[in-house]
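All remarks here apply to the structure that follows.
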Amino acid sequence: THTHTHTHTATHTATHAMATDATTTDDGGERCERRVLKSGTAVYVHAPFGDTSTAFAEPAWYHGAPTPYYTAGHARLRERVRAFVQRDITPHVAEWEAAGGVPRELYGKAYAAGVLGAPYPERYGGGCADVPRWDAFCDVVRSDELCRCGSGGVLASLVTALDIALPPVLAGGNQYVIDKVARRCITGDAVIALAVTEPWAGSDVANLRTTARRDGDHYVVNGVKKFITAGMYADYYTTAVRTGGAGMGGVSLLLIERETPGVS
């Protein structure tokens with residue numbers, strides 16, 4: 001009770017400090033106001049959202065606490081993801097946990113809902129209609145809302161796998177490779193996984209044992225990967241292999257397709 005009262009007092013004090021400052025409505029019609037402090041800092045005050053009756057059940061800005069970080073666009077993203085979770089994930093979590101995986105059609109639904117692929121370039125099917133530019137606070141909002149389903153496995157399979165496996169391809173892959181996989185993975189048509197961990201090398205990436213030997217126009221890869229998020233049903237694997245000598249300097253990344261002969 002004491003903690004809840006303290007939180008309320010802090011919110012009241014911050015609001016009072018802005019009482020004489022200029023106030024404008026952000027994005028006309030949104031339930032969010034942009035206020036400017038006497039210091040010149042702009043903050044946003046949002047209408048209450050979610051369970052505001054229980055202390056710490058929601059982030060402070062959901063309760064109306066002023067924030068310089070979360071804009072009306074972030075609030076729209078929050079509502080979009082929460083609606084998707086309540087409609088397409090939460091009612092099915094127990095079933096998916098028992099089955100040990102999420103259905104492939106969930107990826108397409110997540111993309112259609114603006115949840116999957118939002119942080120990525122528009123030319124590959126990404127982009128978010130709610131904000132002009134995806135930022136770290138968008139990641140926080142999306143993660144907060146997806147976690148409401150109560151299943152870490154769903155979050156990891158649906159979003160984490162893509163967000164750790166595709167960026168290395170976009171950053172280091174040639175255009176042929178990027179064009180081959182980016183749009184398919186961003187739109188939910190295919191699944192990509194990051195294959196680094198081995199039975200004997202989890203955090204010790206510099207000492208991984210999987211090797212890749214150049215043989216003409218191909219690499220011959222030998223090794224084992226374990227504990228790979230979405231690995232059991234991924235279509236592509238961003239795979240850490242050893243192409244050189246010992247240590248981190250000898251490690252490279254290869255994109256391996258699931259249907260490649262020898263993958264099991």
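By convention in this document, the chains of the structure tokens carry letters A, B, ... by their order, each chain's residues are numbered from 1, and ligands are numbered from 1 in the order they are shown.
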inquiry  = With DSSP run on the backbone, what are the alpha helix (DSSP H) residues within region 157-258 of chain A? I'd like them as a PyMOL selection string.
reply    = chain A and resi 161-172+175-186
For N, CA and C atoms, I'd like the residues from the last selection saved as a compact mmCIF listing (two decimals), in the first residue's frame.
# COMPACT_ATOMS: atom_id res chain seq x y z
N ALA A 161 13.74 -15.53 -32.61
CA ALA A 161 14.49 -16.27 -33.63
C ALA A 161 14.79 -15.38 -34.83
N LEU A 162 13.79 -14.67 -35.32
CA LEU A 162 13.98 -13.78 -36.46
C LEU A 162 14.95 -12.66 -36.12
N ASP A 163 14.80 -12.09 -34.94
CA ASP A 163 15.58 -10.90 -34.59
C ASP A 163 17.03 -11.18 -34.25
N ILE A 164 17.39 -12.44 -34.04
CA ILE A 164 18.80 -12.74 -33.84
C ILE A 164 19.43 -13.40 -35.06
N ALA A 165 18.62 -13.95 -35.94
CA ALA A 165 19.16 -14.68 -37.09
C ALA A 165 19.20 -13.86 -38.38
N LEU A 166 18.24 -12.95 -38.57
CA LEU A 166 18.20 -12.20 -39.83
C LEU A 166 19.17 -11.02 -39.87
N PRO A 167 19.37 -10.26 -38.80
CA PRO A 167 20.29 -9.11 -38.87
C PRO A 167 21.69 -9.44 -39.39
N PRO A 168 22.31 -10.58 -39.00
CA PRO A 168 23.62 -10.88 -39.59
C PRO A 168 23.56 -11.08 -41.10
N VAL A 169 22.46 -11.62 -41.59
CA VAL A 169 22.30 -11.80 -43.04
C VAL A 169 22.20 -10.44 -43.73
N LEU A 170 21.41 -9.54 -43.16
CA LEU A 170 21.25 -8.22 -43.75
C LEU A 170 22.55 -7.42 -43.69
N ALA A 171 23.33 -7.63 -42.63
CA ALA A 171 24.56 -6.86 -42.43
C ALA A 171 25.72 -7.40 -43.25
N GLY A 172 25.80 -8.73 -43.42
CA GLY A 172 26.98 -9.31 -44.05
C GLY A 172 26.73 -10.13 -45.29
N GLN A 175 23.85 -9.56 -51.91
CA GLN A 175 22.49 -9.22 -52.28
C GLN A 175 21.69 -10.44 -52.70
N TYR A 176 22.35 -11.41 -53.31
CA TYR A 176 21.65 -12.63 -53.71
C TYR A 176 21.07 -13.34 -52.49
N VAL A 177 21.88 -13.46 -51.44
CA VAL A 177 21.42 -14.14 -50.23
C VAL A 177 20.30 -13.34 -49.56
N ILE A 178 20.49 -12.02 -49.46
CA ILE A 178 19.47 -11.19 -48.83
C ILE A 178 18.14 -11.30 -49.58
N ASP A 179 18.19 -11.19 -50.89
CA ASP A 179 16.96 -11.28 -51.69
C ASP A 179 16.30 -12.65 -51.57
N LYS A 180 17.09 -13.66 -51.33
CA LYS A 180 16.57 -15.02 -51.25
C LYS A 180 15.76 -15.25 -49.97
N VAL A 181 16.21 -14.65 -48.86
CA VAL A 181 15.59 -15.00 -47.58
C VAL A 181 14.89 -13.87 -46.85
N ALA A 182 15.30 -12.62 -47.04
CA ALA A 182 14.81 -11.54 -46.18
C ALA A 182 13.29 -11.40 -46.22
N ARG A 183 12.74 -11.20 -47.41
CA ARG A 183 11.29 -10.99 -47.49
C ARG A 183 10.51 -12.20 -47.00
N ARG A 184 10.97 -13.39 -47.33
CA ARG A 184 10.25 -14.59 -46.89
C ARG A 184 10.19 -14.68 -45.37
N CYS A 185 11.29 -14.34 -44.71
CA CYS A 185 11.34 -14.45 -43.25
C CYS A 185 10.59 -13.30 -42.59
N ILE A 186 10.70 -12.11 -43.13
CA ILE A 186 10.03 -10.95 -42.56
C ILE A 186 8.52 -11.08 -42.65
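All residues within region 56-234 of chain A that the backbone DSSP calculation assigns to strand (DSSP E) are A:Ile192, A:Ala193, A:Leu194, A:Ala195, A:Thr211, A:Ala212, A:Arg213, A:Arg214, A:Asp215, A:His218, A:Tyr219, A:Val220, A:Val221, A:Asn222.
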key: Near-Ala206 (chain A) list (9 Å; only C-alpha atoms; drop same-chain fewer than 6 positions) as a PyMOL selection string   = chain A and resi 246-251
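Contact shell of Val263 (chain A) at 12 Å (only C-alpha atoms; same-chain neighbours under 2 positions omitted): A:Val220, A:Val221, A:Asn222, A:Gly223, A:Val224, A:Lys225, A:Gly231, A:Met232, A:Ala234, A:Asp235, A:Tyr236, A:Tyr237, A:Ile256, A:Glu257, A:Arg258, A:Glu259, A:Thr260, A:Pro261.
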Keeping all heavy atoms for every residue in the selection just given, could you write it to a file as a tab-separated table (two decimals), in the first residue's frame?
chain	number	residue	atom	x	y	z
A	220	VAL	N	31.69	-27.67	-47.36
A	220	VAL	CA	31.29	-28.91	-46.72
A	220	VAL	C	31.34	-28.67	-45.22
A	220	VAL	O	32.40	-28.39	-44.66
A	220	VAL	CB	32.22	-30.08	-47.11
A	220	VAL	CG1	31.80	-31.35	-46.37
A	220	VAL	CG2	32.20	-30.30	-48.62
A	221	VAL	N	30.18	-28.76	-44.58
A	221	VAL	CA	30.06	-28.43	-43.16
A	221	VAL	C	29.91	-29.70	-42.35
A	221	VAL	O	29.12	-30.58	-42.69
A	221	VAL	CB	28.84	-27.50	-42.92
A	221	VAL	CG1	28.71	-27.18	-41.44
A	221	VAL	CG2	28.98	-26.23	-43.74
A	222	ASN	N	30.67	-29.79	-41.27
A	222	ASN	CA	30.57	-30.91	-40.34
A	222	ASN	C	30.49	-30.38	-38.92
A	222	ASN	O	31.32	-29.57	-38.49
A	222	ASN	CB	31.80	-31.82	-40.46
A	222	ASN	CG	31.76	-32.68	-41.71
A	222	ASN	OD1	30.99	-33.63	-41.81
A	222	ASN	ND2	32.59	-32.33	-42.69
A	223	GLY	N	29.47	-30.84	-38.19
A	223	GLY	CA	29.34	-30.41	-36.81
A	223	GLY	C	27.94	-30.63	-36.28
A	223	GLY	O	27.06	-31.16	-36.98
A	224	VAL	N	27.74	-30.20	-35.04
A	224	VAL	CA	26.46	-30.37	-34.36
A	224	VAL	C	26.08	-29.05	-33.69
A	224	VAL	O	26.93	-28.40	-33.07
A	224	VAL	CB	26.55	-31.48	-33.27
A	224	VAL	CG1	25.21	-31.62	-32.56
A	224	VAL	CG2	26.98	-32.80	-33.90
A	225	LYS	N	24.81	-28.66	-33.80
A	225	LYS	CA	24.28	-27.50	-33.09
A	225	LYS	C	23.18	-27.96	-32.14
A	225	LYS	O	22.48	-28.94	-32.39
A	225	LYS	CB	23.72	-26.47	-34.08
A	225	LYS	CG	24.77	-25.91	-35.05
A	225	LYS	CD	25.86	-25.15	-34.34
A	225	LYS	CE	26.88	-24.59	-35.29
A	225	LYS	NZ	27.95	-23.82	-34.60
A	231	GLY	N	14.91	-23.98	-34.08
A	231	GLY	CA	15.74	-24.83	-34.92
A	231	GLY	C	15.06	-26.06	-35.47
A	231	GLY	O	15.41	-26.53	-36.55
A	232	MET	N	14.05	-26.57	-34.76
A	232	MET	CA	13.43	-27.81	-35.19
A	232	MET	C	12.59	-27.64	-36.45
A	232	MET	O	12.36	-28.61	-37.17
A	232	MET	CB	12.55	-28.37	-34.06
A	232	MET	CG	13.33	-28.76	-32.81
A	232	MET	SD	14.65	-29.95	-33.14
A	232	MET	CE	13.67	-31.38	-33.59
A	234	ALA	N	12.90	-24.52	-38.56
A	234	ALA	CA	13.36	-23.40	-39.37
A	234	ALA	C	13.64	-23.84	-40.80
A	234	ALA	O	13.97	-25.00	-41.06
A	234	ALA	CB	14.61	-22.78	-38.76
A	235	ASP	N	13.54	-22.90	-41.72
A	235	ASP	CA	13.85	-23.15	-43.13
A	235	ASP	C	15.28	-22.75	-43.47
A	235	ASP	O	15.88	-23.29	-44.40
A	235	ASP	CB	12.89	-22.35	-44.02
A	235	ASP	CG	11.44	-22.70	-43.75
A	235	ASP	OD1	11.03	-23.82	-44.13
A	235	ASP	OD2	10.73	-21.88	-43.15
A	236	TYR	N	15.82	-21.79	-42.71
A	236	TYR	CA	17.18	-21.31	-42.92
A	236	TYR	C	17.89	-21.22	-41.58
A	236	TYR	O	17.27	-20.94	-40.55
A	236	TYR	CB	17.18	-19.92	-43.58
A	236	TYR	CG	16.45	-19.83	-44.88
A	236	TYR	CD1	15.19	-19.22	-44.95
A	236	TYR	CD2	17.00	-20.33	-46.05
A	236	TYR	CE1	14.51	-19.12	-46.15
A	236	TYR	CE2	16.33	-20.25	-47.26
A	236	TYR	CZ	15.08	-19.64	-47.30
A	236	TYR	OH	14.41	-19.55	-48.50
A	237	TYR	N	19.21	-21.43	-41.63
A	237	TYR	CA	20.02	-21.36	-40.41
A	237	TYR	C	21.21	-20.42	-40.65
A	237	TYR	O	22.04	-20.66	-41.54
A	237	TYR	CB	20.54	-22.74	-40.03
A	237	TYR	CG	19.44	-23.74	-39.76
A	237	TYR	CD1	18.99	-24.58	-40.79
A	237	TYR	CD2	18.84	-23.82	-38.52
A	237	TYR	CE1	17.97	-25.49	-40.57
A	237	TYR	CE2	17.82	-24.73	-38.29
A	237	TYR	CZ	17.38	-25.55	-39.31
A	237	TYR	OH	16.37	-26.45	-39.08
A	256	ILE	N	22.62	-21.67	-44.18
A	256	ILE	CA	22.39	-23.04	-44.62
A	256	ILE	C	20.88	-23.28	-44.73
A	256	ILE	O	20.13	-23.00	-43.80
A	256	ILE	CB	23.01	-24.05	-43.63
A	256	ILE	CG1	24.53	-23.81	-43.55
A	256	ILE	CG2	22.71	-25.48	-44.05
A	256	ILE	CD1	25.23	-24.71	-42.55
A	257	GLU	N	20.46	-23.79	-45.84
A	257	GLU	CA	19.05	-24.11	-46.04
A	257	GLU	C	18.73	-25.48	-45.45
A	257	GLU	O	19.53	-26.41	-45.53
A	257	GLU	CB	18.71	-24.10	-47.53
A	257	GLU	CG	18.87	-22.75	-48.19
A	257	GLU	CD	18.47	-22.77	-49.64
A	257	GLU	OE1	17.26	-22.99	-49.93
A	257	GLU	OE2	19.33	-22.58	-50.50
A	258	ARG	N	17.54	-25.57	-44.91
A	258	ARG	CA	17.13	-26.83	-44.27
A	258	ARG	C	17.18	-28.00	-45.24
A	258	ARG	O	17.52	-29.13	-44.85
A	258	ARG	CB	15.71	-26.67	-43.72
A	258	ARG	CG	15.21	-27.91	-42.97
A	258	ARG	CD	13.77	-27.75	-42.53
A	258	ARG	NE	13.37	-28.85	-41.67
A	258	ARG	CZ	13.50	-28.84	-40.35
A	258	ARG	NH1	14.03	-27.81	-39.75
A	258	ARG	NH2	13.10	-29.88	-39.62
A	259	GLU	N	16.86	-27.78	-46.51
A	259	GLU	CA	16.78	-28.85	-47.48
A	259	GLU	C	18.14	-29.22	-48.07
A	259	GLU	O	18.21	-30.08	-48.95
A	259	GLU	CB	15.83	-28.45	-48.61
A	259	GLU	CG	14.40	-28.17	-48.15
A	259	GLU	CD	13.80	-29.35	-47.38
A	259	GLU	OE1	14.03	-30.51	-47.80
A	259	GLU	OE2	13.11	-29.11	-46.37
A	260	THR	N	19.21	-28.59	-47.59
A	260	THR	CA	20.53	-28.93	-48.07
A	260	THR	C	20.85	-30.39	-47.74
A	260	THR	O	20.64	-30.82	-46.60
A	260	THR	CB	21.59	-28.02	-47.42
A	260	THR	OG1	21.28	-26.66	-47.73
A	260	THR	CG2	22.99	-28.34	-47.94
A	261	PRO	N	21.34	-31.18	-48.68
A	261	PRO	CA	21.69	-32.57	-48.39
A	261	PRO	C	22.67	-32.67	-47.21
A	261	PRO	O	23.65	-31.93	-47.15
A	261	PRO	CB	22.36	-33.04	-49.68
A	261	PRO	CG	21.76	-32.18	-50.74
A	261	PRO	CD	21.57	-30.84	-50.11
Exercise: Tyr70 (chain A) partners within 8 Å, only C-alpha atoms, chain neighbours under 6 positions left out, as an NGL selection string = :A and (44 or 61 or 137)
Write the selection just made, keeping N, CA, C and O atoms, as a PDB file, in the first residue's frame?
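And here is the file that came out, part15.pdb:
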ATOM      1  N   TYR A  44       5.366  13.099 -22.803  1.00  0.00           N
ATOM      2  CA  TYR A  44       4.058  12.642 -23.258  1.00  0.00           C
ATOM      3  C   TYR A  44       3.287  12.074 -22.077  1.00  0.00           C
ATOM      4  O   TYR A  44       3.842  11.354 -21.244  1.00  0.00           O
ATOM      5  N   TRP A  61       4.102   4.474 -17.552  1.00  0.00           N
ATOM      6  CA  TRP A  61       3.462   5.358 -18.531  1.00  0.00           C
ATOM      7  C   TRP A  61       2.079   4.881 -18.922  1.00  0.00           C
ATOM      8  O   TRP A  61       1.261   5.667 -19.398  1.00  0.00           O
ATOM      9  N   PHE A 137      12.496   1.601 -28.007  1.00  0.00           N
ATOM     10  CA  PHE A 137      11.285   1.610 -27.193  1.00  0.00           C
ATOM     11  C   PHE A 137      10.153   0.850 -27.873  1.00  0.00           C
ATOM     12  O   PHE A 137       9.268   0.320 -27.200  1.00  0.00           O
TER      13      PHE A 137
END
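Atom pair CA of Leu208 (chain A) / CA of Leu158 (chain A) has a distance of 26.5 Å (rounded to one decimal).
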query = Closest to Arg82 (chain A) among A:Val43, A:Leu37, A:Ala118, A:Val141, using only C-alpha atoms?
reply = A:Val141
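Closest approach to Trp134 (chain A) among A:Gly244, A:Gly150, A:Gly73, A:Gly100: A:Gly73, based on only C-alpha atoms.
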Excluding same-chain residues fewer than 3 positions from Thr238 (chain A), what lies within 7 Å of it counting only C-alpha atoms, as a short mmCIF file (atom, residue, chain, number, x, y, z; two decimals) with all heavy atoms, in the first residue's frame?
data_model
loop_
_atom_site.label_atom_id
_atom_site.label_comp_id
_atom_site.auth_asym_id
_atom_site.auth_seq_id
_atom_site.Cartn_x
_atom_site.Cartn_y
_atom_site.Cartn_z
N ALA A 165 18.62 -13.95 -35.94
CA ALA A 165 19.16 -14.68 -37.09
C ALA A 165 19.20 -13.86 -38.38
O ALA A 165 20.10 -14.03 -39.20
CB ALA A 165 18.35 -15.95 -37.34
N ALA A 193 16.66 -19.31 -38.18
CA ALA A 193 17.18 -19.53 -36.83
C ALA A 193 18.67 -19.25 -36.79
O ALA A 193 19.37 -19.41 -37.79
CB ALA A 193 16.91 -20.97 -36.38
N LEU A 194 19.15 -18.84 -35.64
CA LEU A 194 20.57 -18.61 -35.43
C LEU A 194 21.19 -19.86 -34.82
O LEU A 194 20.85 -20.25 -33.70
CB LEU A 194 20.80 -17.41 -34.51
CG LEU A 194 22.26 -17.05 -34.24
CD1 LEU A 194 22.94 -16.54 -35.51
CD2 LEU A 194 22.35 -15.99 -33.14
N ALA A 195 22.10 -20.51 -35.56
CA ALA A 195 22.70 -21.77 -35.12
C ALA A 195 24.15 -21.53 -34.70
O ALA A 195 25.06 -21.58 -35.52
CB ALA A 195 22.61 -22.81 -36.22
N LEU A 253 30.23 -17.05 -40.70
CA LEU A 253 28.80 -17.36 -40.73
C LEU A 253 28.43 -17.84 -42.12
O LEU A 253 28.81 -17.24 -43.13
CB LEU A 253 27.96 -16.13 -40.39
CG LEU A 253 27.95 -15.66 -38.94
CD1 LEU A 253 27.12 -14.38 -38.81
CD2 LEU A 253 27.38 -16.73 -38.01
N LEU A 254 27.68 -18.92 -42.17
CA LEU A 254 27.12 -19.43 -43.41
C LEU A 254 25.61 -19.50 -43.27
O LEU A 254 25.09 -19.84 -42.21
CB LEU A 254 27.64 -20.84 -43.72
CG LEU A 254 29.12 -21.01 -44.08
CD1 LEU A 254 29.41 -22.48 -44.33
CD2 LEU A 254 29.49 -20.18 -45.30
N LEU A 255 24.91 -19.19 -44.36
CA LEU A 255 23.47 -19.40 -44.39
C LEU A 255 23.22 -20.77 -44.98
O LEU A 255 23.58 -21.04 -46.13
CB LEU A 255 22.77 -18.34 -45.22
CG LEU A 255 21.24 -18.46 -45.22
CD1 LEU A 255 20.68 -18.01 -43.88
CD2 LEU A 255 20.62 -17.65 -46.35
N ILE A 256 22.62 -21.67 -44.18
CA ILE A 256 22.39 -23.04 -44.62
C ILE A 256 20.88 -23.28 -44.73
O ILE A 256 20.13 -23.00 -43.80
CB ILE A 256 23.01 -24.05 -43.63
CG1 ILE A 256 24.53 -23.81 -43.55
CG2 ILE A 256 22.71 -25.48 -44.05
CD1 ILE A 256 25.23 -24.71 -42.55
#
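CA of Gln86 (chain A) is positioned 16.6 Å from CA of Ala57 (chain A).
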